[in-house]
>>> print(open('coords.txt').read())   # compact mmCIF, C-alpha atoms
# COMPACT_ATOMS: atom_id res chain seq x y z
CA MET A 1 -40.84 -58.09 19.39
CA LEU A 2 -37.26 -58.96 20.31
CA ARG A 3 -36.32 -58.70 16.65
CA LEU A 4 -37.80 -55.17 16.48
CA VAL A 5 -35.87 -54.11 19.59
CA LEU A 6 -32.61 -55.49 18.15
CA MET A 7 -33.18 -53.75 14.81
CA THR A 8 -33.92 -50.44 16.56
CA ALA A 9 -30.80 -50.77 18.72
CA LEU A 10 -28.68 -51.59 15.66
CA SER A 11 -30.10 -48.58 13.79
CA LEU A 12 -29.34 -46.25 16.70
CA ALA A 13 -25.80 -47.64 16.98
CA THR A 14 -25.26 -47.04 13.27
CA VAL A 15 -26.53 -43.44 13.50
CA GLU A 16 -24.38 -42.73 16.59
CA GLY A 17 -21.34 -44.27 14.88
CA ALA A 18 -21.87 -42.12 11.79
CA ALA A 19 -22.20 -38.99 13.95
CA ALA A 20 -18.99 -39.85 15.79
CA GLN A 21 -17.15 -40.35 12.50
CA SER A 22 -18.31 -37.03 11.08
CA ALA A 23 -17.14 -35.19 14.24
CA GLU A 24 -13.58 -36.50 13.89
CA PRO A 25 -11.26 -34.46 11.66
CA ARG A 26 -10.50 -36.15 8.39
CA PRO A 27 -6.81 -36.78 7.64
CA ALA A 28 -6.94 -34.68 4.45
CA GLU A 29 -8.46 -31.70 6.30
CA ALA A 30 -5.89 -31.95 9.10
CA ALA A 31 -3.02 -32.13 6.59
CA ALA A 32 -4.36 -29.14 4.63
CA GLU A 33 -4.54 -27.04 7.80
CA ALA A 34 -1.08 -28.14 8.94
CA ALA A 35 0.68 -27.20 5.69
CA PRO A 36 0.73 -23.41 5.19
CA VAL A 37 0.87 -22.10 1.63
CA THR A 38 3.44 -19.42 0.84
CA THR A 39 2.13 -16.59 -1.35
CA TYR A 40 4.09 -13.81 -3.04
CA ALA A 41 2.86 -10.21 -3.13
CA ARG A 42 3.83 -6.55 -3.03
CA LEU A 43 3.16 -4.64 0.20
CA VAL A 44 0.87 -1.79 -0.85
CA SER A 45 0.21 -0.17 2.52
CA ALA A 46 -0.07 -0.64 6.27
CA SER A 47 -2.67 1.19 8.33
CA GLN A 48 -3.95 1.22 11.87
CA GLU A 49 -7.66 1.59 12.50
CA ASP A 50 -9.30 3.59 15.29
CA ASP A 51 -9.74 0.45 17.42
CA GLY A 52 -5.96 -0.20 17.31
CA LYS A 53 -6.03 -3.10 14.83
CA LEU A 54 -3.23 -3.07 12.25
CA TYR A 55 -3.92 -4.10 8.65
CA VAL A 56 -1.78 -4.46 5.53
CA ARG A 57 -2.91 -4.39 1.91
CA LEU A 58 -1.04 -6.85 -0.29
CA LYS A 59 -1.11 -6.92 -4.08
CA LEU A 60 -1.03 -10.65 -4.82
CA LEU A 61 0.95 -12.09 -7.69
CA PRO A 62 -1.51 -13.22 -10.36
CA ARG A 63 -1.96 -16.81 -11.47
CA ALA A 64 -2.19 -17.56 -15.19
CA LYS A 65 -3.93 -14.64 -16.93
CA LEU A 66 -5.80 -13.24 -13.93
CA PRO A 67 -5.05 -9.61 -13.07
CA PHE A 68 -3.41 -8.55 -9.82
CA THR A 69 -5.64 -8.68 -6.76
CA VAL A 70 -5.25 -6.51 -3.65
CA GLN A 71 -6.32 -8.12 -0.38
CA ARG A 72 -6.39 -6.86 3.18
CA PHE A 73 -4.82 -8.86 6.03
CA ARG A 74 -4.85 -8.26 9.77
CA VAL A 75 -1.49 -8.14 11.54
CA THR A 76 -1.64 -9.38 15.14
CA ASP A 77 2.12 -9.27 15.72
CA ARG A 78 3.51 -5.86 14.74
CA THR A 79 7.10 -7.18 14.76
CA LEU A 80 6.32 -9.14 11.58
CA LEU A 81 6.48 -5.88 9.60
CA ALA A 82 9.82 -4.72 11.06
CA GLY A 83 12.15 -3.70 8.24
CA ILE A 84 9.60 -4.17 5.44
CA ALA A 85 8.84 -0.95 3.56
CA GLU A 86 5.75 -0.19 1.49
CA GLY A 87 6.32 -1.28 -2.11
CA SER A 88 8.53 -4.21 -1.10
CA TRP A 89 8.01 -7.68 -2.51
CA VAL A 90 7.16 -10.16 0.22
CA ARG A 91 6.31 -13.78 0.70
CA PHE A 92 3.80 -14.58 3.39
CA THR A 93 1.48 -17.12 4.96
CA ALA A 94 -1.94 -16.34 6.40
CA LYS A 95 -4.85 -18.03 8.17
CA HIS A 96 -8.52 -17.18 8.50
CA ILE A 97 -8.82 -16.28 12.22
CA ASP A 98 -11.90 -14.75 13.87
CA GLY A 99 -13.48 -14.06 10.49
CA GLU A 100 -10.47 -12.16 9.10
CA ASN A 101 -7.50 -13.01 6.92
CA THR A 102 -4.59 -12.80 9.37
CA LEU A 103 -0.86 -12.83 8.58
CA THR A 104 1.06 -15.61 10.31
CA SER A 105 4.44 -14.85 8.70
CA ILE A 106 5.86 -12.33 6.25
CA GLN A 107 9.34 -11.58 4.95
CA ALA A 108 10.88 -9.44 2.25
CA THR A 109 12.01 -11.23 -0.90
CA ALA A 110 13.37 -10.48 -4.37
CA GLU A 111 10.94 -9.17 -6.98
CA CYS A 112 8.67 -11.86 -8.36
CA LYS A 113 7.96 -11.55 -12.07
CA ARG A 114 4.74 -12.68 -13.69
CA PHE A 115 4.79 -16.17 -15.29
CA GLN A 116 8.19 -16.90 -13.74
CA LYS A 117 9.01 -19.07 -10.75
CA CYS A 118 9.38 -17.08 -7.56
CA GLY A 119 12.00 -17.96 -5.03
>>> encode(input="coords.txt", output="structure tokens")
Amino acid sequence: MLRLVLMTALSLATVEGAAAQSAEPRPAEAAAEAAPVTTYARLVSASQEDDGKLYVRLKLLPRAKLPFTVQRFRVTDRTLLAGIAEGSWVRFTAKHIDGENTLTSIQATAECKRFQKCG
């Protein structure tokens, strides 16, 4: 009987330990979130919706032989777009916040040509 109680207690401790480990962020996940990725694109348009939210459409620079892709990003800080005209080449970082792709930084840059290193 004592052996059964000890085995049950050990099993519960193992399950609780595994649950605690899965709740902790893994170092790789934390590092991936901490390091933003800079992407190059052309600013296609900026528009404000009826609810006051501002969005930009960016034509992303293709990778390998994939065609250009246009994606929509929410802009929470309108000052990010100061001095950037439609049609300009930009480099930006974004995060997925509240279910939307959201710009965290953007700045104008020199034109980025396909299959060449951007800088």
>>> residues_around(input="coords.txt", residues="Thr39 (chain A)", least_positions_apart="2", cutoff="10 Å", atoms="all atoms listed in the file", output="ChimeraX atom specification")
/A:36-37,41,60-61,90-94,106,118
>>> closest_residue(input="coords.txt", among="A:Gly83, A:Val44, A:Trp89, A:Thr76", to="Thr104 (chain A)", atoms="only C-alpha atoms")
A:Thr76
>>> closest_residue(input="coords.txt", among="A:Lys53, A:Pro62, A:Ser45, A:Thr69", to="Phe115 (chain A)", atoms="only C-alpha atoms")
A:Pro62
>>> axis_aligned_box(input="coords.txt", around="region 75-88 of chain A", padding_each_side="3 Å", output="JSON")
{"center_x": 5.3, "center_y": -4.8, "center_z": 6.8, "size_x": 19.8, "size_y": 15.2, "size_z": 23.8}
>>> closest_residue(input="coords.txt", among="A:Lys59, A:Ala108, A:Leu80, A:Leu103", to="Arg42 (chain A)", atoms="all atoms listed in the file")
A:Lys59
>>> closest_residue(input="coords.txt", among="A:Ser88, A:His96, A:Arg78, A:Arg72", to="Cys112 (chain A)", atoms="all atoms listed in the file")
A:Ser88
>>> closest_residue(input="coords.txt", among="A:Phe68, A:Gly87, A:Arg57, A:Thr79", to="Asn101 (chain A)", atoms="only C-alpha atoms")
A:Arg57
>>> atom_distance(input="coords.txt", atom1="CA of Lys95 (chain A)", atom2="CA of Lys113 (chain A)")
24.8 Å
>>> atom_distance(input="coords.txt", atom1="CA of Ala46 (chain A)", atom2="CA of Glu86 (chain A)")
7.5 Å
>>> atom_distance(input="coords.txt", atom1="CA of Leu58 (chain A)", atom2="CA of Asp98 (chain A)")
19.5 Å
>>> residues_near_point(input="coords.txt", point="(-4.0, -5.1, 13.6)", cutoff="9 Å", atoms="all atoms listed in the file", output="PyMOL selection string")
chain A and resi 47-49+51-56+73-78+102
>>> closest_residue(input="coords.txt", among="A:Leu81, A:Asp50, A:Leu43, A:Pro67", to="Ser105 (chain A)", atoms="all atoms listed in the file")
A:Leu81
